[in-house]
file query24.cif (mmCIF, C-alpha atoms and all ligand atoms)
data_model
loop_
_atom_site.label_atom_id
_atom_site.label_comp_id
_atom_site.auth_asym_id
_atom_site.auth_seq_id
_atom_site.Cartn_x
_atom_site.Cartn_y
_atom_site.Cartn_z
CA MET A 10 61.59 -29.47 -94.94
CA LEU A 11 62.06 -27.85 -91.58
CA LEU A 12 59.90 -26.88 -88.60
CA ILE A 13 61.25 -24.81 -85.73
CA ALA A 14 59.50 -23.32 -82.71
CA SER A 15 59.94 -21.67 -79.36
CA ALA A 16 60.35 -24.36 -76.67
CA ASN A 17 56.67 -24.27 -75.66
CA GLY A 18 55.86 -25.22 -79.26
CA SER A 19 57.01 -28.78 -78.58
CA VAL A 20 53.38 -29.88 -78.05
CA GLY A 21 52.59 -28.84 -81.63
CA MET A 22 55.66 -30.19 -83.43
CA ALA A 23 54.19 -33.59 -84.31
CA ALA A 24 51.03 -32.02 -85.76
CA GLY A 25 53.08 -29.67 -87.93
CA TRP A 26 55.60 -32.27 -89.03
CA THR A 27 52.88 -34.76 -89.98
CA ILE A 28 51.53 -32.19 -92.44
CA LEU A 29 54.94 -31.38 -93.91
CA ARG A 30 55.87 -35.04 -94.24
CA ALA A 31 52.62 -35.75 -96.09
CA GLY A 32 53.49 -33.05 -98.63
CA GLY A 33 51.31 -30.36 -97.04
CA SER A 34 52.07 -26.67 -97.07
CA ALA A 35 54.20 -24.74 -94.58
CA LEU A 36 51.15 -22.55 -93.98
CA ASP A 37 48.97 -25.52 -92.97
CA ALA A 38 51.80 -26.90 -90.82
CA VAL A 39 52.38 -23.74 -88.77
CA GLU A 40 48.66 -23.20 -88.27
CA ALA A 41 48.05 -26.79 -87.13
CA ALA A 42 51.06 -26.68 -84.82
CA ALA A 43 49.98 -23.37 -83.25
CA ARG A 44 46.45 -24.72 -82.67
CA MET A 45 47.88 -27.51 -80.49
CA VAL A 46 49.55 -24.96 -78.25
CA GLU A 47 46.46 -22.74 -78.20
CA ALA A 48 44.41 -25.71 -76.96
CA ASN A 49 46.90 -26.63 -74.21
CA PRO A 50 45.47 -25.43 -70.84
CA ASP A 51 48.87 -25.91 -69.18
CA ASP A 52 50.43 -23.20 -71.31
CA HIS A 53 49.47 -19.96 -69.58
CA SER A 54 50.94 -17.81 -72.33
CA VAL A 55 48.83 -18.91 -75.29
CA GLY A 56 45.15 -19.55 -76.07
CA PHE A 57 42.88 -21.52 -73.73
CA GLY A 58 44.15 -21.20 -70.14
CA GLY A 59 46.26 -18.14 -70.98
CA TYR A 60 46.73 -15.56 -68.24
CA PRO A 61 44.11 -12.82 -68.50
CA ASN A 62 44.41 -9.04 -68.71
CA LEU A 63 44.07 -6.61 -65.82
CA GLU A 64 40.30 -7.12 -65.76
CA GLY A 65 40.46 -10.91 -65.73
CA GLU A 66 39.61 -11.39 -69.39
CA VAL A 67 41.78 -13.60 -71.63
CA GLU A 68 42.71 -11.47 -74.65
CA LEU A 69 44.58 -13.18 -77.45
CA ASP A 70 46.87 -11.93 -80.27
CA ALA A 71 48.12 -13.93 -83.26
CA SER A 72 49.50 -13.60 -86.76
CA ILE A 73 50.35 -15.80 -89.70
CA MET A 74 52.42 -15.03 -92.79
CA ASP A 75 52.85 -16.79 -96.11
CA GLY A 76 56.40 -16.43 -97.40
CA ALA A 77 55.49 -17.18 -101.01
CA THR A 78 53.11 -14.23 -101.39
CA ARG A 79 54.00 -12.15 -98.33
CA ARG A 80 50.31 -12.12 -97.52
CA ALA A 81 49.66 -11.89 -93.81
CA GLY A 82 46.80 -11.97 -91.37
CA ALA A 83 46.71 -10.79 -87.78
CA VAL A 84 44.23 -10.45 -84.95
CA GLY A 85 44.55 -8.66 -81.63
CA ALA A 86 42.70 -8.46 -78.32
CA VAL A 87 40.38 -11.32 -79.26
CA CYS A 88 38.21 -12.71 -76.47
CA GLY A 89 36.20 -15.91 -76.35
CA TYR A 90 37.87 -17.96 -79.10
CA ARG A 91 40.75 -20.30 -78.39
CA HIS A 92 42.23 -20.35 -81.89
CA PRO A 93 43.25 -16.80 -82.85
CA ILE A 94 45.75 -18.26 -85.34
CA THR A 95 42.84 -19.58 -87.42
CA ILE A 96 41.05 -16.23 -87.20
CA ALA A 97 44.31 -14.59 -88.36
CA ARG A 98 44.39 -16.95 -91.31
CA GLY A 99 40.77 -16.00 -91.98
CA VAL A 100 41.81 -12.34 -92.08
CA MET A 101 44.53 -13.20 -94.59
CA GLU A 102 42.39 -15.39 -96.82
CA ARG A 103 38.85 -14.07 -96.44
CA LEU A 104 39.21 -10.32 -95.95
CA PRO A 105 41.06 -7.65 -97.94
CA HIS A 106 42.85 -6.71 -94.70
CA VAL A 107 45.94 -7.65 -92.71
CA MET A 108 44.91 -6.81 -89.16
CA VAL A 109 41.55 -6.96 -87.38
CA VAL A 110 41.11 -6.52 -83.63
CA GLY A 111 38.55 -6.98 -80.87
CA ARG A 112 34.90 -7.22 -81.84
CA GLY A 113 35.66 -7.43 -85.56
CA ALA A 114 37.97 -10.39 -85.06
CA GLU A 115 35.36 -12.09 -82.87
CA ARG A 116 32.72 -11.48 -85.51
CA LEU A 117 34.95 -13.09 -88.13
CA ALA A 118 35.53 -16.07 -85.80
CA SER A 119 31.82 -16.66 -85.57
CA GLU A 120 31.43 -16.25 -89.34
CA LEU A 121 34.15 -18.88 -89.75
CA GLY A 122 32.00 -21.21 -87.64
CA MET A 123 34.09 -21.10 -84.48
CA GLU A 124 32.39 -21.60 -81.09
CA ARG A 125 32.59 -18.91 -78.43
CA GLU A 126 33.80 -20.21 -75.06
CA ASN A 127 35.25 -19.11 -71.75
CA LEU A 128 39.04 -19.27 -72.00
CA LEU A 129 39.76 -18.53 -68.35
CA THR A 130 40.60 -21.75 -66.51
CA PRO A 131 40.19 -21.90 -62.72
CA GLU A 132 43.97 -22.06 -62.37
CA SER A 133 44.58 -18.93 -64.45
CA GLU A 134 41.76 -17.13 -62.66
CA ALA A 135 43.24 -17.98 -59.26
CA SER A 136 46.67 -16.65 -60.34
CA TRP A 137 45.07 -13.49 -61.62
CA ARG A 138 43.16 -12.88 -58.37
CA GLU A 139 46.31 -13.41 -56.40
CA GLY A 140 48.39 -11.28 -58.80
CA ARG A 141 46.11 -8.29 -58.58
CA ASP A 142 44.94 -8.71 -55.01
CA GLY A 143 41.46 -10.02 -55.31
CA GLU A 144 38.27 -8.15 -56.02
CA LEU A 145 37.11 -6.87 -59.37
CA PRO A 146 38.03 -3.21 -59.47
CA SER A 147 35.61 -0.56 -58.30
CA SER A 148 36.28 2.80 -59.95
CA ASP A 149 38.38 3.82 -56.94
CA SER A 150 40.54 0.73 -56.94
CA ARG A 151 40.73 1.08 -60.72
CA ARG A 152 42.53 4.36 -60.24
CA ARG A 153 44.88 2.74 -57.76
CA LEU A 154 45.45 -0.11 -60.19
CA LEU A 155 46.46 2.32 -62.89
CA ASP A 156 49.27 3.50 -60.64
CA ARG A 157 50.42 -0.09 -60.29
CA VAL A 158 50.01 -1.16 -63.88
CA SER A 159 53.69 -1.05 -64.73
CA SER A 160 54.69 -3.20 -61.77
CA LEU A 161 51.86 -5.69 -62.35
CA PHE A 162 52.78 -5.84 -65.97
CA THR A 163 56.39 -6.66 -65.20
CA ASP A 164 55.64 -9.06 -62.35
CA PRO A 165 58.42 -11.63 -62.83
CA GLU A 166 56.23 -14.45 -61.53
CA HIS A 167 53.66 -14.01 -64.23
CA VAL A 168 55.32 -12.44 -67.16
CA ALA A 169 54.49 -14.01 -70.41
CA GLY A 170 55.35 -16.21 -73.30
CA THR A 171 54.24 -16.71 -76.84
CA VAL A 172 54.53 -19.52 -79.32
CA ASN A 173 56.51 -19.14 -82.57
CA PHE A 174 56.48 -21.62 -85.46
CA LEU A 175 58.52 -21.26 -88.65
CA ALA A 176 58.40 -23.85 -91.44
CA ILE A 177 59.81 -24.70 -94.83
CA ASP A 178 57.73 -27.19 -96.81
CA GLY A 179 58.72 -29.71 -99.45
CA ALA A 180 58.10 -27.16 -102.21
CA GLY A 181 60.52 -24.74 -100.56
CA HIS A 182 57.84 -22.32 -99.34
CA LEU A 183 58.09 -20.65 -95.96
CA ALA A 184 55.41 -19.76 -93.42
CA SER A 185 55.35 -18.38 -89.90
CA ALA A 186 52.78 -18.36 -87.10
CA VAL A 187 52.80 -16.60 -83.74
CA SER A 188 50.14 -16.83 -81.02
CA THR A 189 49.95 -15.44 -77.48
CA SER A 190 47.79 -14.30 -74.60
CA GLY A 191 50.36 -11.54 -74.13
CA TRP A 192 51.72 -10.30 -70.86
CA ALA A 193 49.84 -11.46 -67.80
CA TRP A 194 47.60 -8.73 -66.31
CA LYS A 195 48.24 -6.48 -69.31
CA TYR A 196 46.28 -3.28 -69.81
CA PRO A 197 43.03 -4.15 -71.64
CA GLY A 198 43.35 -3.64 -75.37
CA ARG A 199 47.14 -3.73 -75.28
CA LEU A 200 48.62 -5.38 -78.37
CA GLY A 201 52.07 -6.91 -78.21
CA ASP A 202 54.44 -7.69 -81.05
CA SER A 203 52.83 -11.02 -81.96
CA PRO A 204 50.08 -9.55 -84.19
CA VAL A 205 52.33 -6.84 -85.62
CA ILE A 206 53.79 -8.03 -88.91
CA GLY A 207 57.46 -7.10 -88.97
CA ALA A 208 57.69 -6.91 -85.17
CA GLY A 209 56.90 -10.37 -83.79
CA ASN A 210 56.57 -12.21 -87.09
CA TYR A 211 57.99 -11.93 -90.60
CA CYS A 212 58.48 -14.34 -93.44
CA ASP A 213 59.69 -14.10 -97.03
CA ASP A 214 60.43 -17.12 -99.25
CA ARG A 215 63.33 -15.31 -100.86
CA TYR A 216 65.31 -14.82 -97.65
CA GLY A 217 63.95 -16.43 -94.50
CA ALA A 218 61.68 -15.99 -91.51
CA ALA A 219 61.87 -14.81 -87.91
CA ALA A 220 59.57 -14.60 -84.91
CA CYS A 221 59.92 -13.20 -81.41
CA THR A 222 58.96 -13.80 -77.82
CA GLY A 223 59.72 -11.51 -74.92
CA TRP A 224 58.98 -7.87 -74.37
CA GLY A 225 56.58 -7.13 -77.22
CA GLU A 226 56.93 -3.37 -76.97
CA LEU A 227 60.64 -3.75 -77.72
CA ALA A 228 60.09 -5.92 -80.77
CA ILE A 229 57.58 -3.38 -82.06
CA ARG A 230 59.98 -0.48 -81.52
CA GLY A 231 62.83 -2.43 -83.13
CA ALA A 232 60.77 -4.03 -85.93
CA THR A 233 62.77 -7.04 -84.84
CA ALA A 234 61.46 -9.89 -87.02
CA HIS A 235 61.73 -7.75 -90.13
CA THR A 236 65.19 -6.56 -89.13
CA VAL A 237 66.36 -10.20 -89.18
CA VAL A 238 64.85 -10.88 -92.60
CA GLY A 239 66.05 -7.50 -93.89
CA GLY A 240 69.57 -8.45 -92.85
CA LEU A 241 69.27 -11.69 -94.83
CA ALA A 242 68.01 -9.68 -97.81
CA ALA A 243 71.08 -7.48 -97.52
CA GLY A 244 73.27 -10.57 -97.77
CA LEU A 245 74.18 -11.16 -94.13
CA PRO A 246 74.47 -14.75 -92.94
CA LEU A 247 71.67 -15.81 -90.56
CA GLU A 248 73.82 -15.55 -87.40
CA LEU A 249 74.78 -11.96 -88.15
CA ALA A 250 71.34 -10.90 -89.36
CA ALA A 251 69.74 -12.19 -86.14
CA GLU A 252 72.44 -10.79 -83.89
CA ARG A 253 72.09 -7.40 -85.54
CA ALA A 254 68.35 -7.39 -84.84
CA MET A 255 69.05 -8.06 -81.14
CA ASN A 256 71.76 -5.39 -81.05
CA GLU A 257 69.30 -2.85 -82.43
CA LEU A 258 67.39 -3.19 -79.13
CA ARG A 259 70.34 -2.25 -76.97
CA GLY A 260 69.75 0.84 -74.91
CA LEU A 261 65.97 0.93 -75.44
CA ASP A 262 64.35 1.61 -72.09
CA VAL A 263 61.51 -0.46 -70.68
CA PRO A 264 59.32 0.60 -67.74
CA GLY A 265 60.34 -0.96 -64.45
CA GLY A 266 62.00 -4.12 -65.66
CA GLU A 267 64.78 -5.83 -67.48
CA PRO A 268 64.39 -5.95 -71.26
CA ILE A 269 63.86 -9.49 -72.50
CA MET A 270 63.99 -10.59 -76.13
CA GLN A 271 64.12 -13.98 -77.77
CA LEU A 272 63.90 -14.88 -81.40
CA VAL A 273 63.91 -17.93 -83.62
CA ALA A 274 64.91 -17.57 -87.26
CA LEU A 275 65.69 -19.56 -90.36
CA ASP A 276 66.99 -18.75 -93.81
CA SER A 277 65.65 -20.08 -97.08
CA ALA A 278 68.56 -22.58 -97.25
CA GLY A 279 67.32 -24.19 -94.02
CA HIS A 280 69.86 -22.86 -91.50
CA HIS A 281 68.17 -22.03 -88.21
CA LEU A 282 68.91 -20.60 -84.78
CA GLY A 283 67.47 -19.30 -81.56
CA LEU A 284 68.79 -16.27 -79.69
CA SER A 285 67.91 -15.02 -76.23
CA SER A 286 68.85 -12.04 -74.12
CA GLN A 287 68.75 -14.34 -71.09
CA PRO A 288 70.80 -17.46 -70.41
CA GLY A 289 69.48 -20.99 -70.32
CA ASN A 290 66.77 -20.86 -72.99
CA SER A 291 66.10 -23.32 -75.78
CA TYR A 292 64.09 -23.79 -78.96
CA VAL A 293 62.99 -26.88 -80.89
CA ALA A 294 63.71 -27.96 -84.46
CA TRP A 295 62.61 -30.88 -86.62
CA GLU A 296 64.67 -31.48 -89.76
CA GLU A 297 64.30 -33.92 -92.59
CA GLY A 298 65.69 -37.35 -91.73
CA GLN A 299 64.96 -36.98 -87.99
CA ASP A 300 62.42 -39.14 -86.14
CA ASN A 301 61.60 -36.42 -83.69
CA TYR A 302 62.31 -32.83 -82.92
CA ALA A 303 65.49 -31.82 -81.10
CA THR A 304 65.73 -29.30 -78.28
CA LEU A 305 68.57 -26.90 -78.97
CA PRO A 306 70.16 -24.14 -76.91
CA ARG A 307 69.54 -20.52 -77.80
CA ARG A 308 72.66 -18.43 -78.07
CA LEU A 309 72.90 -15.68 -75.48
CA VAL A 310 72.90 -12.14 -76.89
CA PRO A 311 72.57 -9.59 -74.09
CA ILE A 312 70.65 -6.44 -74.96
CA THR A 313 71.37 -4.42 -71.83
CA GLY A 314 74.35 -2.06 -71.66
CA GLN A 315 75.97 -0.31 -74.56
N1 LIG B 401 55.83 -11.04 -76.88
C1 LIG B 401 54.69 -11.27 -76.05
C2 LIG B 401 53.98 -9.98 -75.83
O1 LIG B 401 54.62 -8.96 -75.63
C3 LIG B 401 54.98 -11.87 -74.72
C4 LIG B 401 56.09 -12.87 -74.65
O2 LIG B 401 56.44 -13.47 -75.64
O3 LIG B 401 56.66 -13.08 -73.56
O4 LIG B 401 52.77 -9.99 -75.81
#
call {"tool": "encode", "arguments": {"input": "query24.cif", "output": "structure tokens"}}
result
Amino acid sequence: MLLIASANGSVGMAAGWTILRAGGSALDAVEAAARMVEANPDDHSVGFGGYPNLEGEVELDASIMDGATRRAGAVGAVCGYRHPITIARGVMERLPHVMVVGRGAERLASELGMERENLLTPESEASWREGRDGELPSSDSRRRLLDRVSSLFTDPEHVAGTVNFLAIDGAGHLASAVSTSGWAWKYPGRLGDSPVIGAGNYCDDRYGAAACTGWGELAIRGATAHTVVGGLAAGLPLELAAERAMNELRGLDVPGGEPIMQLVALDSAGHHLGLSSQPGNSYVAWEEGQDNYATLPRRLVPITGQ
């Protein structure tokens, strides 16, 4: 058994591990763990209390994947429900689809019995007002805002974050879950990598799993999570498969900012790692025989330059 996560997943590790230890499935573990992060108002990158979009609305993306069947569910630009990971699981298990966005995802949430609520906390709202200079946009200031979108979007004070969970259960099955409110002040309707299967999330019992945080547009363009798992499928060891996925992003341009990419990955034998294009980052891992999760350094793999 194994549960790994991005560092902000630490608040969900106990919930996930309790399920694995009791013989539960990797799928249940990653969903339960992600729900803890989604409910945490202090995490401004996921769920309730997440930073809103340009218009002050909290829009959430999430996906979940079952490594045994390679079934997946994803939702994007969901408003008014704090647990997009559970809606994503609903897409996977209740609909003949993989990805549902916006109103459709919200409709499914209500059909699943979830309660609509306001996800914008006073703290996130205050940051948003400050970040985009106050008033709700009139059509004139909307036009001005459009000119500033790239710089707002890459504002280093309020960039983003996402939570990644990858698990192997006692039966040897893998699952992955990713949930985010995306980049602070993002353009309404923008989807990042988190709900895009193969970009921010991928999982296959035969080989391994990977999930990303960082500049979602890059992970989409590089199909980063799938590139890691594809490398494993081609016989590369985990280190090399993950490094190759980061190297594939080298030289890709991003508007007005420094490209940032982080990934966590594991192989079906239970090796795991975290990589980051920036120094000083960590991830968390809970392995069999441990009383608690450990915080581990991510290896630095720069993606700028040639
Ligand atoms: N990957 C997320 C997104 O682009 C943000 C992040 O993880 O920093 O929406």
call {"tool": "atom_distance", "arguments": {"input": "query24.cif", "atom1": "atom CA of Ala274 of chain A", "atom2": "atom CA of Val237 of chain A"}}
result
7.8 Å
call {"tool": "closest_atom_pairs", "arguments": {"input": "query24.cif", "of": "chain A", "to": "ligand LIG 401 (chain B)", "cutoff": "10 Å", "atoms": "only C-alpha atoms and all ligand atoms", "output": "JSON lines"}}
result
{"residue": "A:Ser15", "atom": "CA", "partner": "B:LIG401", "partner_atom": "O2", "distance": 9.7}
{"residue": "A:Ser54", "atom": "CA", "partner": "B:LIG401", "partner_atom": "C4", "distance": 7.5}
{"residue": "A:Val55", "atom": "CA", "partner": "B:LIG401", "partner_atom": "O2", "distance": 9.4}
{"residue": "A:Leu69", "atom": "CA", "partner": "B:LIG401", "partner_atom": "O4", "distance": 8.9}
{"residue": "A:Asp70", "atom": "CA", "partner": "B:LIG401", "partner_atom": "O4", "distance": 7.6}
{"residue": "A:Ala71", "atom": "CA", "partner": "B:LIG401", "partner_atom": "O4", "distance": 9.6}
{"residue": "A:His167", "atom": "CA", "partner": "B:LIG401", "partner_atom": "O3", "distance": 9.8}
{"residue": "A:Val168", "atom": "CA", "partner": "B:LIG401", "partner_atom": "O3", "distance": 6.6}
{"residue": "A:Ala169", "atom": "CA", "partner": "B:LIG401", "partner_atom": "O3", "distance": 3.9}
{"residue": "A:Gly170", "atom": "CA", "partner": "B:LIG401", "partner_atom": "O3", "distance": 3.4}
{"residue": "A:Thr171", "atom": "CA", "partner": "B:LIG401", "partner_atom": "O2", "distance": 4.1}
{"residue": "A:Val172", "atom": "CA", "partner": "B:LIG401", "partner_atom": "O2", "distance": 7.3}
{"residue": "A:Asn173", "atom": "CA", "partner": "B:LIG401", "partner_atom": "O2", "distance": 9.0}
{"residue": "A:Val187", "atom": "CA", "partner": "B:LIG401", "partner_atom": "N1", "distance": 9.3}
{"residue": "A:Ser188", "atom": "CA", "partner": "B:LIG401", "partner_atom": "C1", "distance": 8.7}
{"residue": "A:Thr189", "atom": "CA", "partner": "B:LIG401", "partner_atom": "O4", "distance": 6.4}
{"residue": "A:Ser190", "atom": "CA", "partner": "B:LIG401", "partner_atom": "O4", "distance": 6.7}
{"residue": "A:Gly191", "atom": "CA", "partner": "B:LIG401", "partner_atom": "O4", "distance": 3.3}
{"residue": "A:Trp192", "atom": "CA", "partner": "B:LIG401", "partner_atom": "O4", "distance": 5.1}
{"residue": "A:Ala193", "atom": "CA", "partner": "B:LIG401", "partner_atom": "C3", "distance": 8.6}
{"residue": "A:Lys195", "atom": "CA", "partner": "B:LIG401", "partner_atom": "O4", "distance": 8.7}
{"residue": "A:Arg199", "atom": "CA", "partner": "B:LIG401", "partner_atom": "O4", "distance": 8.4}
{"residue": "A:Leu200", "atom": "CA", "partner": "B:LIG401", "partner_atom": "O4", "distance": 6.7}
{"residue": "A:Gly201", "atom": "CA", "partner": "B:LIG401", "partner_atom": "O4", "distance": 4.0}
{"residue": "A:Asp202", "atom": "CA", "partner": "B:LIG401", "partner_atom": "N1", "distance": 5.5}
{"residue": "A:Ser203", "atom": "CA", "partner": "B:LIG401", "partner_atom": "N1", "distance": 5.9}
{"residue": "A:Pro204", "atom": "CA", "partner": "B:LIG401", "partner_atom": "O4", "distance": 8.8}
{"residue": "A:Ala208", "atom": "CA", "partner": "B:LIG401", "partner_atom": "N1", "distance": 9.4}
{"residue": "A:Gly209", "atom": "CA", "partner": "B:LIG401", "partner_atom": "N1", "distance": 7.0}
{"residue": "A:Ala220", "atom": "CA", "partner": "B:LIG401", "partner_atom": "N1", "distance": 9.5}
{"residue": "A:Cys221", "atom": "CA", "partner": "B:LIG401", "partner_atom": "N1", "distance": 6.5}
{"residue": "A:Thr222", "atom": "CA", "partner": "B:LIG401", "partner_atom": "O2", "distance": 3.3}
{"residue": "A:Gly223", "atom": "CA", "partner": "B:LIG401", "partner_atom": "O3", "distance": 3.7}
{"residue": "A:Trp224", "atom": "CA", "partner": "B:LIG401", "partner_atom": "O1", "distance": 4.7}
{"residue": "A:Gly225", "atom": "CA", "partner": "B:LIG401", "partner_atom": "O1", "distance": 3.1}
{"residue": "A:Glu226", "atom": "CA", "partner": "B:LIG401", "partner_atom": "O1", "distance": 6.2}
{"residue": "A:Leu227", "atom": "CA", "partner": "B:LIG401", "partner_atom": "O1", "distance": 8.2}
{"residue": "A:Ala228", "atom": "CA", "partner": "B:LIG401", "partner_atom": "N1", "distance": 7.7}
{"residue": "A:Ile229", "atom": "CA", "partner": "B:LIG401", "partner_atom": "O1", "distance": 9.0}
{"residue": "A:Ile269", "atom": "CA", "partner": "B:LIG401", "partner_atom": "O3", "distance": 8.1}
{"residue": "A:Met270", "atom": "CA", "partner": "B:LIG401", "partner_atom": "O2", "distance": 8.1}
{"residue": "A:Gln271", "atom": "CA", "partner": "B:LIG401", "partner_atom": "O2", "distance": 8.0}
{"residue": "A:Leu272", "atom": "CA", "partner": "B:LIG401", "partner_atom": "O2", "distance": 9.5}
call {"tool": "closest_residue", "arguments": {"input": "query24.cif", "among": "A:Ala16, A:Ala48, A:Met22, A:Ala184", "to": "Leu305 of chain A", "atoms": "all atoms listed in the file"}}
result
A:Ala16
call {"tool": "residues_around", "arguments": {"input": "query24.cif", "residues": "Leu183 of chain A", "least_positions_apart": "2", "cutoff": "7 Å", "atoms": "only C-alpha atoms", "output": "list in words"}}
result
Ala35, Asp75, Gly76, Ala77, Ala176, Ile177, Asp178, Gly181, Cys212, Asp213 and Asp214 of chain A
call {"tool": "atom_distance", "arguments": {"input": "query24.cif", "atom1": "atom CA of Asn256 of chain A", "atom2": "atom CA of Leu282 of chain A"}}
result
15.9 Å
call {"tool": "atom_distance", "arguments": {"input": "query24.cif", "atom1": "atom CA of Leu258 of chain A", "atom2": "atom CA of Ala278 of chain A"}}
result
26.6 Å
call {"tool": "closest_residue", "arguments": {"input": "query24.cif", "among": "A:Ile312, A:Ile206, A:Met74, A:Ala23", "to": "His182 of chain A", "atoms": "all atoms listed in the file"}}
result
A:Met74
call {"tool": "residues_around", "arguments": {"input": "query24.cif", "residues": "Val100 of chain A", "least_positions_apart": "2", "cutoff": "10 Å", "atoms": "only C-alpha atoms", "output": "JSON, numbers by chain"}}
result
{"A": [72, 73, 81, 82, 83, 84, 94, 95, 96, 97, 98, 102, 103, 104, 105, 106, 107, 108, 109, 114, 117, 118]}
call {"tool": "residues_around", "arguments": {"input": "query24.cif", "residues": "Thr236 of chain A", "least_positions_apart": "6", "cutoff": "8 Å", "atoms": "only C-alpha atoms", "output": "PyMOL selection string"}}
result
chain A and resi 207+250-251+253-254
